[in-house]
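Engineer: Input data.pdb, format and content: PDB, C-alpha atoms.
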ATOM      1  CA  MET A 954      23.402   7.622  32.323  1.00  0.00           C
ATOM      2  CA  ASP A 955      20.628   7.008  29.816  1.00  0.00           C
ATOM      3  CA  LEU A 956      17.227   5.433  30.306  1.00  0.00           C
ATOM      4  CA  GLN A 957      18.382   1.923  29.344  1.00  0.00           C
ATOM      5  CA  ASP A 958      21.076   1.961  32.027  1.00  0.00           C
ATOM      6  CA  GLN A 959      18.631   3.235  34.643  1.00  0.00           C
ATOM      7  CA  LEU A 960      16.163   0.471  33.782  1.00  0.00           C
ATOM      8  CA  LYS A 961      18.927  -2.144  34.056  1.00  0.00           C
ATOM      9  CA  ASN A 962      19.779  -0.835  37.519  1.00  0.00           C
ATOM     10  CA  LEU A 963      16.127  -0.974  38.604  1.00  0.00           C
ATOM     11  CA  PHE A 964      15.408  -4.402  37.093  1.00  0.00           C
ATOM     12  CA  PRO A 965      18.666  -6.411  36.987  1.00  0.00           C
ATOM     13  CA  ASP A 966      16.913  -9.776  36.339  1.00  0.00           C
ATOM     14  CA  HIS A 967      14.951  -8.566  33.311  1.00  0.00           C
ATOM     15  CA  GLN A 968      15.916 -10.102  29.968  1.00  0.00           C
ATOM     16  CA  PRO A 969      14.914  -7.875  27.015  1.00  0.00           C
ATOM     17  CA  GLU A 970      12.890  -9.651  24.345  1.00  0.00           C
ATOM     18  CA  GLU A 971      13.603  -9.243  20.669  1.00  0.00           C
ATOM     19  CA  GLU A 972      10.973  -7.188  18.905  1.00  0.00           C
ATOM     20  CA  GLU A 973       8.913  -8.855  16.219  1.00  0.00           C
ATOM     21  CA  ASN A 974       8.688  -7.173  12.891  1.00  0.00           C
ATOM     22  CA  VAL A 975       5.321  -5.514  13.503  1.00  0.00           C
ATOM     23  CA  GLN A 976       5.318  -3.887  10.087  1.00  0.00           C
ATOM     24  CA  ASP A 977       4.907  -7.274   8.346  1.00  0.00           C
ATOM     25  CA  HIS A 978       1.544  -7.811  10.023  1.00  0.00           C
ATOM     26  CA  GLN A 979       0.325  -4.308   9.197  1.00  0.00           C
ATOM     27  CA  ASP A 980       1.429  -4.314   5.560  1.00  0.00           C
ATOM     28  CA  GLN A 981      -0.366  -7.511   4.621  1.00  0.00           C
ATOM     29  CA  ILE A 982      -3.076  -6.706   2.109  1.00  0.00           C
ATOM     30  CA  TRP A 983      -5.709  -9.231   1.100  1.00  0.00           C
ATOM     31  CA  MET A 984      -4.835 -10.796  -2.263  1.00  0.00           C
ATOM     32  CA  GLN A 985      -7.566 -11.709  -4.701  1.00  0.00           C
ATOM     33  CA  ASP A 986      -7.812 -14.123  -7.595  1.00  0.00           C
ATOM     34  CA  ASP A 987      -9.472 -11.697 -10.027  1.00  0.00           C
ATOM     35  CA  PRO A 988      -7.210  -9.128 -11.691  1.00  0.00           C
ATOM     36  CA  ILE A 989      -7.288  -5.445 -10.781  1.00  0.00           C
ATOM     37  CA  LEU A 990      -8.298  -3.345 -13.784  1.00  0.00           C
ATOM     38  CA  CYS A 991      -5.926  -0.511 -14.694  1.00  0.00           C
ATOM     39  CA  LYS A 992      -7.605   2.103 -16.934  1.00  0.00           C
ATOM     40  CA  TYR A 993      -6.531   5.370 -18.502  1.00  0.00           C
ATOM     41  CA  GLU A 994      -8.930   8.290 -18.949  1.00  0.00           C
ATOM     42  CA  LYS A 995      -8.892  12.003 -19.514  1.00  0.00           C
ATOM     43  CA  ARG A 996     -11.062  14.156 -17.283  1.00  0.00           C
ATOM     44  CA  LYS A 997     -11.264  17.880 -17.911  1.00  0.00           C
ATOM     45  CA  GLY A 998      -8.384  17.471 -20.354  1.00  0.00           C
ATOM     46  CA  LYS A 999      -6.014  15.940 -17.786  1.00  0.00           C
ATOM     47  CA  PRO A1000      -4.815  12.304 -17.822  1.00  0.00           C
ATOM     48  CA  ILE A1001      -5.661  10.012 -14.908  1.00  0.00           C
ATOM     49  CA  THR A1002      -5.105   6.348 -14.132  1.00  0.00           C
ATOM     50  CA  ILE A1003      -7.963   4.428 -12.497  1.00  0.00           C
ATOM     51  CA  LEU A1004      -7.652   1.133 -10.593  1.00  0.00           C
ATOM     52  CA  GLU A1005     -10.863  -0.851 -10.102  1.00  0.00           C
ATOM     53  CA  GLY A1006     -11.968  -4.360  -9.281  1.00  0.00           C
ATOM     54  CA  TYR A1007     -10.502  -4.918  -5.799  1.00  0.00           C
ATOM     55  CA  THR A1008     -12.852  -7.069  -3.740  1.00  0.00           C
ATOM     56  CA  GLY A1009     -11.103  -6.806  -0.353  1.00  0.00           C
ATOM     57  CA  ALA A1010     -11.732  -4.399   2.504  1.00  0.00           C
ATOM     58  CA  ASP A1011     -11.804  -0.668   1.835  1.00  0.00           C
ATOM     59  CA  GLU A1012      -9.042  -0.106   4.396  1.00  0.00           C
ATOM     60  CA  ASP A1013      -6.697  -2.403   2.449  1.00  0.00           C
ATOM     61  CA  PHE A1014      -7.489  -0.612  -0.803  1.00  0.00           C
ATOM     62  CA  LYS A1015      -6.861   2.759   0.880  1.00  0.00           C
ATOM     63  CA  LYS A1016      -3.482   1.521   2.155  1.00  0.00           C
ATOM     64  CA  LEU A1017      -2.633   0.405  -1.366  1.00  0.00           C
ATOM     65  CA  ALA A1018      -3.675   3.816  -2.740  1.00  0.00           C
ATOM     66  CA  LYS A1019      -1.479   5.615  -0.217  1.00  0.00           C
ATOM     67  CA  GLU A1020       1.503   3.418  -1.032  1.00  0.00           C
ATOM     68  CA  LEU A1021       1.093   3.956  -4.776  1.00  0.00           C
ATOM     69  CA  LYS A1022       0.809   7.719  -4.343  1.00  0.00           C
ATOM     70  CA  THR A1023       3.919   7.922  -2.174  1.00  0.00           C
ATOM     71  CA  ARG A1024       6.020   5.627  -4.369  1.00  0.00           C
ATOM     72  CA  LEU A1025       5.090   7.535  -7.519  1.00  0.00           C
ATOM     73  CA  SER A1026       5.153  10.963  -5.800  1.00  0.00           C
ATOM     74  CA  VAL A1027       1.837  11.969  -7.340  1.00  0.00           C
ATOM     75  CA  GLY A1028      -1.591  13.027  -6.145  1.00  0.00           C
ATOM     76  CA  GLY A1029      -4.701  10.939  -6.194  1.00  0.00           C
ATOM     77  CA  SER A1030      -7.736   9.816  -4.261  1.00  0.00           C
ATOM     78  CA  PHE A1031      -9.929   6.879  -3.316  1.00  0.00           C
ATOM     79  CA  LYS A1032     -13.557   7.251  -4.426  1.00  0.00           C
ATOM     80  CA  ASN A1033     -16.370   4.813  -5.197  1.00  0.00           C
ATOM     81  CA  ASP A1034     -14.208   1.688  -4.744  1.00  0.00           C
ATOM     82  CA  ALA A1035     -11.606   2.988  -7.206  1.00  0.00           C
ATOM     83  CA  ILE A1036      -8.139   4.474  -6.851  1.00  0.00           C
ATOM     84  CA  ILE A1037      -7.645   7.568  -8.995  1.00  0.00           C
ATOM     85  CA  ILE A1038      -4.016   8.557  -9.667  1.00  0.00           C
ATOM     86  CA  GLN A1039      -3.184  11.844 -11.377  1.00  0.00           C
ATOM     87  CA  GLY A1040      -1.256  11.260 -14.593  1.00  0.00           C
ATOM     88  CA  ASP A1041      -0.626   8.305 -16.906  1.00  0.00           C
ATOM     89  CA  TYR A1042       1.313   5.878 -14.691  1.00  0.00           C
ATOM     90  CA  ARG A1043      -0.163   2.600 -15.925  1.00  0.00           C
ATOM     91  CA  ASN A1044       3.166   0.853 -16.533  1.00  0.00           C
ATOM     92  CA  GLN A1045       4.698   1.841 -13.195  1.00  0.00           C
ATOM     93  CA  ILE A1046       1.516   0.985 -11.269  1.00  0.00           C
ATOM     94  CA  MET A1047       1.246  -2.387 -12.982  1.00  0.00           C
ATOM     95  CA  ASP A1048       4.884  -3.150 -12.094  1.00  0.00           C
ATOM     96  CA  ILE A1049       4.340  -2.188  -8.436  1.00  0.00           C
ATOM     97  CA  LEU A1050       1.171  -4.297  -8.156  1.00  0.00           C
ATOM     98  CA  LYS A1051       2.815  -7.316  -9.816  1.00  0.00           C
ATOM     99  CA  GLU A1052       5.724  -6.923  -7.403  1.00  0.00           C
ATOM    100  CA  LYS A1053       3.236  -7.161  -4.515  1.00  0.00           C
ATOM    101  CA  GLY A1054       1.675 -10.306  -6.015  1.00  0.00           C
ATOM    102  CA  PHE A1055      -1.511  -8.903  -7.579  1.00  0.00           C
ATOM    103  CA  ARG A1056      -2.765  -9.818 -11.026  1.00  0.00           C
ATOM    104  CA  VAL A1057      -3.303  -6.714 -13.119  1.00  0.00           C
ATOM    105  CA  LYS A1058      -5.171  -6.278 -16.385  1.00  0.00           C
ATOM    106  CA  ARG A1059      -4.629  -3.270 -18.610  1.00  0.00           C
ATOM    107  CA  VAL A1060      -7.873  -1.895 -20.045  1.00  0.00           C
ATOM    108  CA  GLY A1061      -8.123   0.604 -22.880  1.00  0.00           C
ATOM    109  CA  GLY A1062      -5.486   2.306 -25.056  1.00  0.00           C
TER     110      GLY A1062
END
Would you encode the structure as structure tokens?
Structural biologist:
Amino acid sequence: MDLQDQLKNLFPDHQPEEEENVQDHQDQIWMQDDPILCKYEKRKGKPITILEGYTGADEDFKKLAKELKTRLSVGGSFKNDAIIIQGDYRNQIMDILKEKGFRVKRVGG
């Protein structure tokens, strides 16, 4: 007899409610009208991709940074209102951001 059966025995009149999709509320990131700038640089001889220009809350930008890093399976950080991704992933990052509904502008080479 599992926990669900025991609870049904204790509370026979209880009707279980359907769970809302809580993840939809948590994953909503503030969208902006201005484009996010996607730049490519080399620091200490290694390529990096920098995303700047997000005007929303820092927490939203950090969530976006974490999602990009996990989807691309790369390292990176969030410093000085910019997301720094290790490697040249401009095309993939721009595709992911456009998929989410952001406007993205490619800057530099």
Engineer: Residues near range 1000-1007 of chain A, anyone? I mean within 6 Å using all atoms listed in the file, not counting same-chain ones fewer than 3 positions away, as number ranges by chain.
Structural biologist: A: 989-995, 1035-1041
Engineer: With a distance cut-off of 12 Å and only C-alpha atoms, select the neighbouring residues of Lys1016 in chain A, excluding the residue or stretch itself and same-chain residues fewer than 4 positions from it, and output the selection as a list in words.
Structural biologist: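 That gives Gln979, Asp980, Gln981, Ile982, Trp983, Gly1009, Ala1010, Asp1011, Glu1012, Glu1020, Leu1021, Lys1022, Thr1023, Ser1030, Phe1031 and Ile1036 of chain A.
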Engineer: Could you work out how far CA of Lys999 in chain A lies from CA of Phe1014 in chain A, giving the answer in Å with one decimal?
Structural biologist: 23.8 Å
Engineer: Which is closest to Ile1049 in chain A among A:Asp987, A:Gln957, A:Leu1025, A:Lys997, if we use all atoms listed in the file?
Structural biologist: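 For Ile1049 in chain A, the nearest of the candidates is A:Leu1025.
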Engineer: May I ask which of the residues A:Lys1032, A:Met984, A:Arg996, A:Glu970 is the closest one to Lys1051 in chain A, counting only C-alpha atoms?
Structural biologist: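 Checking each of A:Lys1032, A:Met984, A:Arg996, A:Glu970 against Lys1051 in chain A, counting only C-alpha atoms, the winner is A:Met984.
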Engineer: Using only C-alpha atoms, pick whichever of A:Val1027, A:Asp1034, A:Gly998, A:Gly1061 has the shortest atom-to-atom distance to Ile1046 in chain A.
Structural biologist: A:Val1027
